[in-house]
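Trainee: Input file: start29.txt. Contents: compact mmCIF, N, CA and C atoms.
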```txt
# COMPACT_ATOMS: atom_id res chain seq x y z
N MET A 1 64.60 3.52 -17.30
CA MET A 1 63.76 2.37 -17.21
C MET A 1 62.37 2.82 -16.79
N ALA A 2 61.41 2.49 -17.56
CA ALA A 2 60.03 2.91 -17.31
C ALA A 2 59.39 1.97 -16.31
N HIS A 3 58.66 2.56 -15.44
CA HIS A 3 57.96 1.77 -14.41
C HIS A 3 56.56 1.46 -14.90
N GLN A 4 56.20 0.20 -15.00
CA GLN A 4 54.87 -0.19 -15.45
C GLN A 4 53.98 -0.42 -14.25
N GLN A 5 52.82 0.11 -14.37
CA GLN A 5 51.84 -0.05 -13.31
C GLN A 5 50.80 -1.05 -13.76
N GLN A 6 50.47 -2.00 -12.90
CA GLN A 6 49.49 -3.02 -13.24
C GLN A 6 48.22 -2.79 -12.43
N PHE A 7 47.13 -2.93 -13.11
CA PHE A 7 45.84 -2.84 -12.45
C PHE A 7 45.20 -4.22 -12.48
N VAL A 8 44.68 -4.61 -11.38
CA VAL A 8 43.98 -5.90 -11.31
C VAL A 8 42.49 -5.60 -11.16
N VAL A 9 41.73 -6.15 -12.06
CA VAL A 9 40.28 -5.95 -12.02
C VAL A 9 39.65 -7.25 -11.55
N GLN A 10 38.92 -7.16 -10.48
CA GLN A 10 38.22 -8.33 -9.97
C GLN A 10 36.73 -8.12 -10.17
N GLN A 11 36.12 -9.12 -10.69
CA GLN A 11 34.67 -9.01 -10.88
C GLN A 11 33.98 -9.48 -9.61
N GLN A 12 33.10 -8.65 -9.12
CA GLN A 12 32.36 -8.97 -7.92
C GLN A 12 31.23 -9.95 -8.26
N PRO A 13 30.89 -10.80 -7.32
CA PRO A 13 29.75 -11.69 -7.57
C PRO A 13 28.48 -10.86 -7.76
N ALA A 14 27.63 -11.32 -8.65
CA ALA A 14 26.41 -10.58 -8.94
C ALA A 14 25.19 -11.41 -8.57
N GLN A 15 24.16 -10.73 -8.23
CA GLN A 15 22.88 -11.38 -7.94
C GLN A 15 21.88 -10.80 -8.92
N VAL A 16 21.16 -11.65 -9.62
CA VAL A 16 20.16 -11.20 -10.57
C VAL A 16 18.79 -11.44 -9.95
N VAL A 17 18.02 -10.39 -9.88
CA VAL A 17 16.68 -10.46 -9.32
C VAL A 17 15.68 -10.18 -10.43
N THR A 18 14.77 -11.10 -10.65
CA THR A 18 13.73 -10.91 -11.66
C THR A 18 12.38 -10.89 -10.95
N VAL A 19 11.62 -9.85 -11.19
CA VAL A 19 10.32 -9.69 -10.58
C VAL A 19 9.27 -9.61 -11.68
N MET A 20 8.24 -10.42 -11.57
CA MET A 20 7.16 -10.38 -12.55
C MET A 20 5.88 -10.00 -11.82
N THR A 21 5.25 -8.96 -12.28
CA THR A 21 4.00 -8.52 -11.68
C THR A 21 2.92 -8.51 -12.73
N GLN A 22 1.72 -8.71 -12.31
CA GLN A 22 0.57 -8.70 -13.21
C GLN A 22 -0.12 -7.35 -13.05
N ALA A 23 -0.25 -6.64 -14.14
CA ALA A 23 -0.92 -5.35 -14.09
C ALA A 23 -2.41 -5.58 -13.85
N GLN A 24 -2.93 -4.92 -12.85
CA GLN A 24 -4.35 -5.06 -12.55
C GLN A 24 -5.00 -3.71 -12.65
N HIS A 25 -6.09 -3.70 -13.32
CA HIS A 25 -6.79 -2.45 -13.54
C HIS A 25 -7.92 -2.31 -12.54
N PRO A 26 -8.03 -1.16 -11.88
CA PRO A 26 -9.13 -0.95 -10.98
C PRO A 26 -10.45 -0.99 -11.75
N GLY A 27 -11.48 -1.39 -11.11
CA GLY A 27 -12.74 -1.47 -11.84
C GLY A 27 -13.93 -1.59 -10.91
N THR A 28 -14.91 -2.23 -11.42
CA THR A 28 -16.13 -2.47 -10.66
C THR A 28 -16.49 -3.94 -10.81
N TRP A 29 -17.51 -4.35 -10.11
CA TRP A 29 -18.00 -5.71 -10.27
C TRP A 29 -18.50 -5.84 -11.70
N SER A 30 -18.20 -6.95 -12.34
CA SER A 30 -18.61 -7.16 -13.73
C SER A 30 -20.12 -7.30 -13.87
N THR A 31 -20.75 -7.81 -12.83
CA THR A 31 -22.21 -7.94 -12.81
C THR A 31 -22.74 -7.39 -11.50
N GLY A 32 -23.99 -7.01 -11.51
CA GLY A 32 -24.61 -6.51 -10.28
C GLY A 32 -24.96 -7.66 -9.34
N MET A 33 -25.28 -7.29 -8.13
CA MET A 33 -25.62 -8.31 -7.13
C MET A 33 -26.86 -9.11 -7.52
N CYS A 34 -27.79 -8.50 -8.22
CA CYS A 34 -29.04 -9.18 -8.59
C CYS A 34 -29.09 -9.51 -10.08
N ASP A 35 -27.94 -9.66 -10.71
CA ASP A 35 -27.87 -9.96 -12.14
C ASP A 35 -27.85 -11.47 -12.41
N CYS A 36 -28.74 -12.19 -11.79
CA CYS A 36 -28.75 -13.64 -11.95
C CYS A 36 -28.99 -14.06 -13.40
N CYS A 37 -29.75 -13.28 -14.14
CA CYS A 37 -30.06 -13.63 -15.53
C CYS A 37 -28.84 -13.53 -16.45
N SER A 38 -27.78 -12.87 -16.00
CA SER A 38 -26.60 -12.76 -16.84
C SER A 38 -25.83 -14.08 -16.90
N ASP A 39 -26.05 -14.96 -15.96
CA ASP A 39 -25.42 -16.29 -15.95
C ASP A 39 -26.39 -17.26 -15.30
N MET A 40 -27.23 -17.86 -16.11
CA MET A 40 -28.27 -18.75 -15.58
C MET A 40 -27.70 -20.00 -14.93
N GLY A 41 -26.52 -20.44 -15.38
CA GLY A 41 -25.89 -21.61 -14.77
C GLY A 41 -25.57 -21.36 -13.30
N THR A 42 -24.99 -20.21 -13.02
CA THR A 42 -24.68 -19.85 -11.64
C THR A 42 -25.95 -19.68 -10.84
N CYS A 43 -26.94 -19.05 -11.44
CA CYS A 43 -28.21 -18.83 -10.76
C CYS A 43 -28.87 -20.16 -10.38
N CYS A 44 -28.92 -21.08 -11.32
CA CYS A 44 -29.55 -22.38 -11.05
C CYS A 44 -28.74 -23.18 -10.03
N CYS A 45 -27.43 -23.14 -10.15
CA CYS A 45 -26.59 -23.84 -9.18
C CYS A 45 -26.78 -23.26 -7.78
N GLY A 46 -26.85 -21.92 -7.70
CA GLY A 46 -27.08 -21.27 -6.42
C GLY A 46 -28.46 -21.57 -5.86
N LEU A 47 -29.43 -21.77 -6.73
CA LEU A 47 -30.80 -22.04 -6.29
C LEU A 47 -30.98 -23.49 -5.84
N PHE A 48 -30.43 -24.43 -6.63
CA PHE A 48 -30.69 -25.84 -6.35
C PHE A 48 -29.61 -26.53 -5.54
N CYS A 49 -28.39 -26.00 -5.55
CA CYS A 49 -27.30 -26.61 -4.78
C CYS A 49 -26.33 -25.53 -4.31
N PHE A 50 -26.85 -24.68 -3.45
CA PHE A 50 -26.09 -23.52 -2.98
C PHE A 50 -24.73 -23.89 -2.38
N PRO A 51 -24.65 -24.91 -1.49
CA PRO A 51 -23.33 -25.25 -0.93
C PRO A 51 -22.31 -25.67 -2.00
N CYS A 52 -22.78 -26.33 -3.05
CA CYS A 52 -21.86 -26.72 -4.14
C CYS A 52 -21.31 -25.49 -4.84
N MET A 53 -22.18 -24.50 -5.07
CA MET A 53 -21.74 -23.28 -5.73
C MET A 53 -20.74 -22.52 -4.83
N GLN A 54 -20.99 -22.51 -3.53
CA GLN A 54 -20.07 -21.86 -2.61
C GLN A 54 -18.69 -22.53 -2.64
N CYS A 55 -18.68 -23.86 -2.63
CA CYS A 55 -17.41 -24.60 -2.65
C CYS A 55 -16.67 -24.36 -3.96
N GLN A 56 -17.40 -24.30 -5.07
CA GLN A 56 -16.78 -24.03 -6.37
C GLN A 56 -16.17 -22.62 -6.38
N THR A 57 -16.88 -21.65 -5.80
CA THR A 57 -16.40 -20.27 -5.76
C THR A 57 -15.11 -20.18 -4.95
N ALA A 58 -15.08 -20.81 -3.79
CA ALA A 58 -13.88 -20.80 -2.96
C ALA A 58 -12.72 -21.46 -3.69
N SER A 59 -12.98 -22.55 -4.35
CA SER A 59 -11.95 -23.26 -5.11
C SER A 59 -11.44 -22.41 -6.28
N ASP A 60 -12.36 -21.76 -7.00
CA ASP A 60 -11.97 -20.88 -8.11
C ASP A 60 -11.08 -19.73 -7.64
N TYR A 61 -11.31 -19.27 -6.41
CA TYR A 61 -10.50 -18.19 -5.86
C TYR A 61 -9.10 -18.68 -5.47
N GLY A 62 -9.00 -19.98 -5.20
CA GLY A 62 -7.71 -20.54 -4.81
C GLY A 62 -7.70 -21.03 -3.37
N TRP A 63 -8.84 -21.00 -2.73
CA TRP A 63 -8.97 -21.50 -1.37
C TRP A 63 -9.35 -22.97 -1.39
N CYS A 64 -9.27 -23.60 -0.24
CA CYS A 64 -9.78 -24.95 -0.07
C CYS A 64 -11.29 -24.90 -0.29
N CYS A 65 -11.80 -25.86 -1.03
CA CYS A 65 -13.23 -25.83 -1.36
C CYS A 65 -14.12 -26.01 -0.14
N CYS A 66 -13.56 -26.43 0.98
CA CYS A 66 -14.37 -26.64 2.19
C CYS A 66 -14.51 -25.37 3.04
N MET A 67 -13.83 -24.30 2.68
CA MET A 67 -13.88 -23.07 3.48
C MET A 67 -15.30 -22.56 3.72
N PRO A 68 -16.19 -22.56 2.71
CA PRO A 68 -17.54 -22.05 2.97
C PRO A 68 -18.30 -22.85 4.02
N LEU A 69 -17.90 -24.08 4.26
CA LEU A 69 -18.57 -24.88 5.29
C LEU A 69 -18.26 -24.35 6.68
N LEU A 70 -17.24 -23.51 6.79
CA LEU A 70 -16.85 -22.90 8.06
C LEU A 70 -17.38 -21.48 8.21
N ASP A 71 -18.37 -21.14 7.41
CA ASP A 71 -18.84 -19.75 7.34
C ASP A 71 -19.81 -19.41 8.48
N PHE A 72 -19.33 -19.49 9.71
CA PHE A 72 -20.15 -19.12 10.85
C PHE A 72 -20.17 -17.60 10.94
N CYS A 73 -21.31 -17.03 11.14
CA CYS A 73 -21.49 -15.57 11.26
C CYS A 73 -20.99 -14.83 10.02
N CYS A 74 -20.94 -15.49 8.88
CA CYS A 74 -20.58 -14.88 7.59
C CYS A 74 -19.14 -14.37 7.52
N VAL A 75 -18.28 -14.83 8.40
CA VAL A 75 -16.90 -14.34 8.42
C VAL A 75 -16.16 -14.74 7.14
N VAL A 76 -16.29 -16.00 6.72
CA VAL A 76 -15.61 -16.46 5.51
C VAL A 76 -16.12 -15.68 4.30
N SER A 77 -17.42 -15.44 4.24
CA SER A 77 -18.01 -14.69 3.12
C SER A 77 -17.44 -13.29 3.04
N CYS A 78 -17.35 -12.61 4.18
CA CYS A 78 -16.82 -11.25 4.20
C CYS A 78 -15.36 -11.21 3.77
N ILE A 79 -14.58 -12.17 4.26
CA ILE A 79 -13.16 -12.20 3.91
C ILE A 79 -12.98 -12.49 2.43
N LEU A 80 -13.74 -13.47 1.91
CA LEU A 80 -13.62 -13.81 0.49
C LEU A 80 -14.02 -12.64 -0.40
N ARG A 81 -15.13 -12.00 -0.09
CA ARG A 81 -15.58 -10.86 -0.91
C ARG A 81 -14.54 -9.73 -0.88
N GLY A 82 -14.01 -9.45 0.30
CA GLY A 82 -12.97 -8.42 0.42
C GLY A 82 -11.72 -8.78 -0.37
N ASN A 83 -11.34 -10.05 -0.34
CA ASN A 83 -10.16 -10.49 -1.09
C ASN A 83 -10.38 -10.40 -2.60
N ILE A 84 -11.57 -10.75 -3.05
CA ILE A 84 -11.88 -10.65 -4.48
C ILE A 84 -11.82 -9.18 -4.91
N ARG A 85 -12.42 -8.30 -4.09
CA ARG A 85 -12.37 -6.86 -4.40
C ARG A 85 -10.93 -6.37 -4.49
N GLU A 86 -10.13 -6.76 -3.51
CA GLU A 86 -8.75 -6.30 -3.47
C GLU A 86 -7.94 -6.83 -4.65
N ARG A 87 -8.12 -8.10 -4.99
CA ARG A 87 -7.37 -8.70 -6.09
C ARG A 87 -7.68 -8.02 -7.42
N HIS A 88 -8.93 -7.58 -7.60
CA HIS A 88 -9.34 -7.02 -8.88
C HIS A 88 -9.52 -5.50 -8.85
N GLY A 89 -9.10 -4.88 -7.77
CA GLY A 89 -9.15 -3.42 -7.69
C GLY A 89 -10.56 -2.86 -7.69
N ILE A 90 -11.48 -3.58 -7.08
CA ILE A 90 -12.87 -3.13 -7.02
C ILE A 90 -13.05 -2.33 -5.73
N PRO A 91 -13.51 -1.09 -5.85
CA PRO A 91 -13.67 -0.29 -4.63
C PRO A 91 -14.77 -0.83 -3.74
N GLY A 92 -14.66 -0.54 -2.47
CA GLY A 92 -15.65 -0.97 -1.49
C GLY A 92 -15.02 -1.02 -0.12
N SER A 93 -15.78 -1.51 0.84
CA SER A 93 -15.26 -1.58 2.20
C SER A 93 -15.75 -2.86 2.87
N CYS A 94 -15.11 -3.20 3.94
CA CYS A 94 -15.50 -4.38 4.72
C CYS A 94 -16.92 -4.22 5.25
N CYS A 95 -17.24 -3.02 5.69
CA CYS A 95 -18.58 -2.74 6.21
C CYS A 95 -19.64 -2.94 5.12
N ASP A 96 -19.36 -2.44 3.93
CA ASP A 96 -20.27 -2.60 2.80
C ASP A 96 -20.45 -4.08 2.46
N ASP A 97 -19.33 -4.82 2.43
CA ASP A 97 -19.39 -6.25 2.14
C ASP A 97 -20.25 -6.98 3.16
N CYS A 98 -20.02 -6.70 4.43
CA CYS A 98 -20.76 -7.39 5.49
C CYS A 98 -22.25 -7.07 5.44
N CYS A 99 -22.60 -5.82 5.15
CA CYS A 99 -24.01 -5.46 5.05
C CYS A 99 -24.68 -6.18 3.88
N LYS A 100 -24.02 -6.23 2.73
CA LYS A 100 -24.60 -6.92 1.58
C LYS A 100 -24.76 -8.41 1.85
N ILE A 101 -23.76 -9.00 2.50
CA ILE A 101 -23.83 -10.42 2.82
C ILE A 101 -24.96 -10.68 3.81
N TYR A 102 -25.11 -9.80 4.77
CA TYR A 102 -26.16 -9.99 5.77
C TYR A 102 -27.55 -9.90 5.14
N TRP A 103 -27.76 -8.95 4.24
CA TRP A 103 -29.08 -8.72 3.67
C TRP A 103 -29.40 -9.62 2.48
N CYS A 104 -28.38 -10.04 1.74
CA CYS A 104 -28.66 -10.86 0.56
C CYS A 104 -27.55 -11.88 0.32
N TYR A 105 -27.40 -12.78 1.26
CA TYR A 105 -26.34 -13.78 1.26
C TYR A 105 -26.22 -14.56 -0.05
N PRO A 106 -27.30 -15.17 -0.56
CA PRO A 106 -27.15 -15.95 -1.80
C PRO A 106 -26.78 -15.09 -3.01
N CYS A 107 -27.33 -13.89 -3.08
CA CYS A 107 -27.02 -13.00 -4.22
C CYS A 107 -25.54 -12.62 -4.23
N VAL A 108 -24.96 -12.38 -3.07
CA VAL A 108 -23.55 -12.01 -2.97
C VAL A 108 -22.67 -13.17 -3.42
N TRP A 109 -23.01 -14.37 -3.00
CA TRP A 109 -22.23 -15.54 -3.41
C TRP A 109 -22.34 -15.77 -4.91
N CYS A 110 -23.51 -15.59 -5.48
CA CYS A 110 -23.66 -15.73 -6.93
C CYS A 110 -22.84 -14.67 -7.65
N GLN A 111 -22.84 -13.44 -7.14
CA GLN A 111 -22.05 -12.37 -7.76
C GLN A 111 -20.55 -12.71 -7.70
N MET A 112 -20.08 -13.20 -6.56
CA MET A 112 -18.67 -13.55 -6.45
C MET A 112 -18.32 -14.68 -7.42
N ASN A 113 -19.20 -15.66 -7.56
CA ASN A 113 -18.98 -16.77 -8.48
C ASN A 113 -18.89 -16.27 -9.92
N ARG A 114 -19.83 -15.41 -10.31
CA ARG A 114 -19.82 -14.85 -11.66
C ARG A 114 -18.55 -14.04 -11.90
N GLU A 115 -18.15 -13.25 -10.92
CA GLU A 115 -16.96 -12.40 -11.06
C GLU A 115 -15.71 -13.24 -11.31
N LEU A 116 -15.56 -14.30 -10.53
CA LEU A 116 -14.39 -15.15 -10.71
C LEU A 116 -14.40 -15.85 -12.06
N LYS A 117 -15.59 -16.26 -12.52
CA LYS A 117 -15.71 -16.88 -13.85
C LYS A 117 -15.31 -15.89 -14.93
N ILE A 118 -15.84 -14.68 -14.84
CA ILE A 118 -15.57 -13.65 -15.86
C ILE A 118 -14.10 -13.27 -15.86
N ARG A 119 -13.53 -13.03 -14.69
CA ARG A 119 -12.12 -12.60 -14.61
C ARG A 119 -11.19 -13.72 -15.04
N LYS A 120 -11.57 -14.97 -14.80
CA LYS A 120 -10.73 -16.10 -15.20
C LYS A 120 -10.68 -16.22 -16.72
N ASN A 121 -11.77 -15.87 -17.39
CA ASN A 121 -11.84 -16.00 -18.84
C ASN A 121 -11.32 -14.79 -19.60
N GLN A 122 -10.98 -13.73 -18.89
CA GLN A 122 -10.44 -12.54 -19.54
C GLN A 122 -8.94 -12.51 -19.36
N PRO A 123 -8.22 -11.99 -20.35
CA PRO A 123 -6.78 -11.81 -20.15
C PRO A 123 -6.56 -10.86 -18.98
N GLY A 124 -5.58 -11.15 -18.17
CA GLY A 124 -5.35 -10.38 -16.96
C GLY A 124 -4.63 -9.07 -17.15
N GLY A 125 -4.42 -8.64 -18.37
CA GLY A 125 -3.70 -7.40 -18.58
C GLY A 125 -2.25 -7.70 -18.90
N ALA A 126 -1.45 -6.68 -18.89
CA ALA A 126 -0.04 -6.83 -19.27
C ALA A 126 0.80 -7.33 -18.11
N SER A 127 1.78 -8.15 -18.42
CA SER A 127 2.74 -8.58 -17.43
C SER A 127 3.96 -7.68 -17.51
N VAL A 128 4.52 -7.35 -16.39
CA VAL A 128 5.70 -6.50 -16.35
C VAL A 128 6.83 -7.33 -15.74
N VAL A 129 7.94 -7.45 -16.46
CA VAL A 129 9.08 -8.19 -15.97
C VAL A 129 10.22 -7.21 -15.74
N THR A 130 10.76 -7.22 -14.54
CA THR A 130 11.86 -6.32 -14.18
C THR A 130 13.06 -7.17 -13.79
N THR A 131 14.20 -6.90 -14.39
CA THR A 131 15.43 -7.62 -14.05
C THR A 131 16.42 -6.59 -13.53
N GLN A 132 17.01 -6.92 -12.39
CA GLN A 132 17.96 -5.99 -11.78
C GLN A 132 19.21 -6.78 -11.40
N VAL A 133 20.38 -6.29 -11.75
CA VAL A 133 21.64 -6.93 -11.39
C VAL A 133 22.22 -6.15 -10.21
N ILE A 134 22.45 -6.89 -9.15
CA ILE A 134 22.99 -6.26 -7.94
C ILE A 134 24.40 -6.79 -7.73
N ARG A 135 25.34 -5.90 -7.69
CA ARG A 135 26.74 -6.29 -7.46
C ARG A 135 27.11 -5.93 -6.03
N GLY A 136 27.70 -6.88 -5.36
CA GLY A 136 28.04 -6.68 -3.95
C GLY A 136 29.35 -6.17 -3.77
```
Let's see the structure in the file written out as structure tokens.
Mentor:
Amino acid sequence: MAHQQQFVVQQQPAQVVTVMTQAQHPGTWSTGMCDCCSDMGTCCCGLFCFPCMQCQTASDYGWCCCMPLLDFCCVVSCILRGNIRERHGIPGSCCDDCCKIYWCYPCVWCQMNRELKIRKNQPGGASVVTTQVIRG
């Protein structure tokens, strides 16, 4: 009499993790700090209604549009410029940002506004989707 051996296969619960990242390419500012002529709309808005342009810039970045109204000692400006640089892989430093803001506050805000407009209208690069099945 032959002895039969039985194997029981149990499937373990699985967890599927999907991660989507946006490829960002390091670069430079799309326009210079004094390139007002490259976007006359931003230049005129900055000249005739500077607080409106600041609020639009903060909103375009994804912040509350009232953040620039809290810009005591240029802290909000420095943080926003640093965040824009970091998001788009633009080299620089906090010290550099603060010095530029201190010496040419309106020009820096116009540059940030132009940068966000330009980056918003360009495709952001390739998306990478990673799916991983984890069995416990």
Trainee: Could you jot down the atom CA of Ile118 of chain A to atom CA of Tyr61 of chain A separation for me, Å, one decimal place?
Mentor: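 Going from atom CA of Ile118 of chain A over to atom CA of Tyr61 of chain A covers 12.1 Å.
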Trainee: What are the DSSP strand (DSSP E or B) residues of segment 53-132 of chain A, as a PyMOL selection string?
Mentor: chain A and resi 127-132
Trainee: Between atom N of Tyr105 of chain A and atom CA of Lys117 of chain A, what is the distance, to one decimal in Å?
Mentor: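 So the answer is 19.5 Å.
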Trainee: Taking 4 positions as the minimum chain separation for residues in the same chain, which residues sit within 7 Å of Gln56 of chain A when counting only N, CA and C atoms? Answer as a list in words.
Mentor: Pro51, Cys52, Asp60, Tyr61, Cys65 and Asn113 of chain A
Trainee: Which distance in Å separates atom C of Gly89 of chain A and atom N of Trp29 of chain A, to one decimal?
Mentor: 7.5 Å
Trainee: For Ser93 of chain A, find every residue with an atom within 12 Å (counting only C-alpha atoms), except residues of its own chain fewer than 2 positions away, and show them as a ChimeraX atom specification.
Mentor: /A:78-79,81-86,89-91,95-100
Trainee: Save the residues we just selected, N, CA and C atoms, as a compact mmCIF listing (two decimals), in the frame of the given file?
Mentor:
```txt
# COMPACT_ATOMS: atom_id res chain seq x y z
N CYS A 78 -17.35 -12.61 4.18
CA CYS A 78 -16.82 -11.25 4.20
C CYS A 78 -15.36 -11.21 3.77
N ILE A 79 -14.58 -12.17 4.26
CA ILE A 79 -13.16 -12.20 3.91
C ILE A 79 -12.98 -12.49 2.43
N ARG A 81 -15.13 -12.00 -0.09
CA ARG A 81 -15.58 -10.86 -0.91
C ARG A 81 -14.54 -9.73 -0.88
N GLY A 82 -14.01 -9.45 0.30
CA GLY A 82 -12.97 -8.42 0.42
C GLY A 82 -11.72 -8.78 -0.37
N ASN A 83 -11.34 -10.05 -0.34
CA ASN A 83 -10.16 -10.49 -1.09
C ASN A 83 -10.38 -10.40 -2.60
N ILE A 84 -11.57 -10.75 -3.05
CA ILE A 84 -11.88 -10.65 -4.48
C ILE A 84 -11.82 -9.18 -4.91
N ARG A 85 -12.42 -8.30 -4.09
CA ARG A 85 -12.37 -6.86 -4.40
C ARG A 85 -10.93 -6.37 -4.49
N GLU A 86 -10.13 -6.76 -3.51
CA GLU A 86 -8.75 -6.30 -3.47
C GLU A 86 -7.94 -6.83 -4.65
N GLY A 89 -9.10 -4.88 -7.77
CA GLY A 89 -9.15 -3.42 -7.69
C GLY A 89 -10.56 -2.86 -7.69
N ILE A 90 -11.48 -3.58 -7.08
CA ILE A 90 -12.87 -3.13 -7.02
C ILE A 90 -13.05 -2.33 -5.73
N PRO A 91 -13.51 -1.09 -5.85
CA PRO A 91 -13.67 -0.29 -4.63
C PRO A 91 -14.77 -0.83 -3.74
N CYS A 95 -17.24 -3.02 5.69
CA CYS A 95 -18.58 -2.74 6.21
C CYS A 95 -19.64 -2.94 5.12
N ASP A 96 -19.36 -2.44 3.93
CA ASP A 96 -20.27 -2.60 2.80
C ASP A 96 -20.45 -4.08 2.46
N ASP A 97 -19.33 -4.82 2.43
CA ASP A 97 -19.39 -6.25 2.14
C ASP A 97 -20.25 -6.98 3.16
N CYS A 98 -20.02 -6.70 4.43
CA CYS A 98 -20.76 -7.39 5.49
C CYS A 98 -22.25 -7.07 5.44
N CYS A 99 -22.60 -5.82 5.15
CA CYS A 99 -24.01 -5.46 5.05
C CYS A 99 -24.68 -6.18 3.88
N LYS A 100 -24.02 -6.23 2.73
CA LYS A 100 -24.60 -6.92 1.58
C LYS A 100 -24.76 -8.41 1.85
```
Trainee: My list of candidates is A:Gly62, A:Cys94, A:Met53, A:Asp71. Which is closest to Trp109 of chain A when distances are computed with only N, CA and C atoms?
Mentor: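 Of all the options, A:Met53 lies closest to Trp109 of chain A.
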Trainee: If you run DSSP on the backbone, which residues of segment 42-102 of chain A are alpha helix (DSSP H), as a ChimeraX atom specification?
Mentor: /A:42-48,50-61,75-88,94-102
Trainee: Missing atoms in segment 33-39 of chain A: can you complete it with all heavy atoms, as a short mmCIF file (atom, residue, chain, number, x, y, z; two decimals), in the coordinates of the input?
Mentor:
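What landed in rebuild.cif:
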```
data_model
loop_
_atom_site.label_atom_id
_atom_site.label_comp_id
_atom_site.auth_asym_id
_atom_site.auth_seq_id
_atom_site.Cartn_x
_atom_site.Cartn_y
_atom_site.Cartn_z
N MET A 33 -25.28 -7.29 -8.13
CA MET A 33 -25.62 -8.31 -7.13
C MET A 33 -26.86 -9.11 -7.52
O MET A 33 -26.97 -10.29 -7.21
CB MET A 33 -25.84 -7.65 -5.78
CG MET A 33 -25.17 -8.40 -4.68
SD MET A 33 -25.17 -7.52 -3.12
CE MET A 33 -26.87 -7.22 -2.81
N CYS A 34 -27.79 -8.50 -8.22
CA CYS A 34 -29.04 -9.18 -8.59
C CYS A 34 -29.09 -9.51 -10.08
O CYS A 34 -30.17 -9.65 -10.64
CB CYS A 34 -30.23 -8.32 -8.18
SG CYS A 34 -30.31 -8.03 -6.41
N ASP A 35 -27.94 -9.66 -10.71
CA ASP A 35 -27.87 -9.96 -12.14
C ASP A 35 -27.85 -11.47 -12.41
O ASP A 35 -27.04 -11.97 -13.18
CB ASP A 35 -26.61 -9.35 -12.77
CG ASP A 35 -26.81 -7.92 -13.19
OD1 ASP A 35 -27.97 -7.48 -13.26
OD2 ASP A 35 -25.80 -7.23 -13.43
N CYS A 36 -28.74 -12.19 -11.79
CA CYS A 36 -28.75 -13.64 -11.95
C CYS A 36 -28.99 -14.06 -13.40
O CYS A 36 -28.48 -15.08 -13.85
CB CYS A 36 -29.82 -14.27 -11.06
SG CYS A 36 -29.31 -14.28 -9.33
N CYS A 37 -29.75 -13.28 -14.14
CA CYS A 37 -30.06 -13.63 -15.53
C CYS A 37 -28.84 -13.53 -16.45
O CYS A 37 -28.87 -14.07 -17.55
CB CYS A 37 -31.19 -12.76 -16.06
SG CYS A 37 -32.75 -13.08 -15.22
N SER A 38 -27.78 -12.87 -16.00
CA SER A 38 -26.60 -12.76 -16.84
C SER A 38 -25.83 -14.08 -16.90
O SER A 38 -25.03 -14.28 -17.81
CB SER A 38 -25.69 -11.64 -16.35
OG SER A 38 -25.16 -11.96 -15.07
N ASP A 39 -26.05 -14.96 -15.96
CA ASP A 39 -25.42 -16.29 -15.95
C ASP A 39 -26.39 -17.26 -15.30
O ASP A 39 -26.37 -17.46 -14.09
CB ASP A 39 -24.09 -16.24 -15.19
CG ASP A 39 -23.37 -17.57 -15.14
OD1 ASP A 39 -23.86 -18.56 -15.73
OD2 ASP A 39 -22.29 -17.63 -14.52
#
```
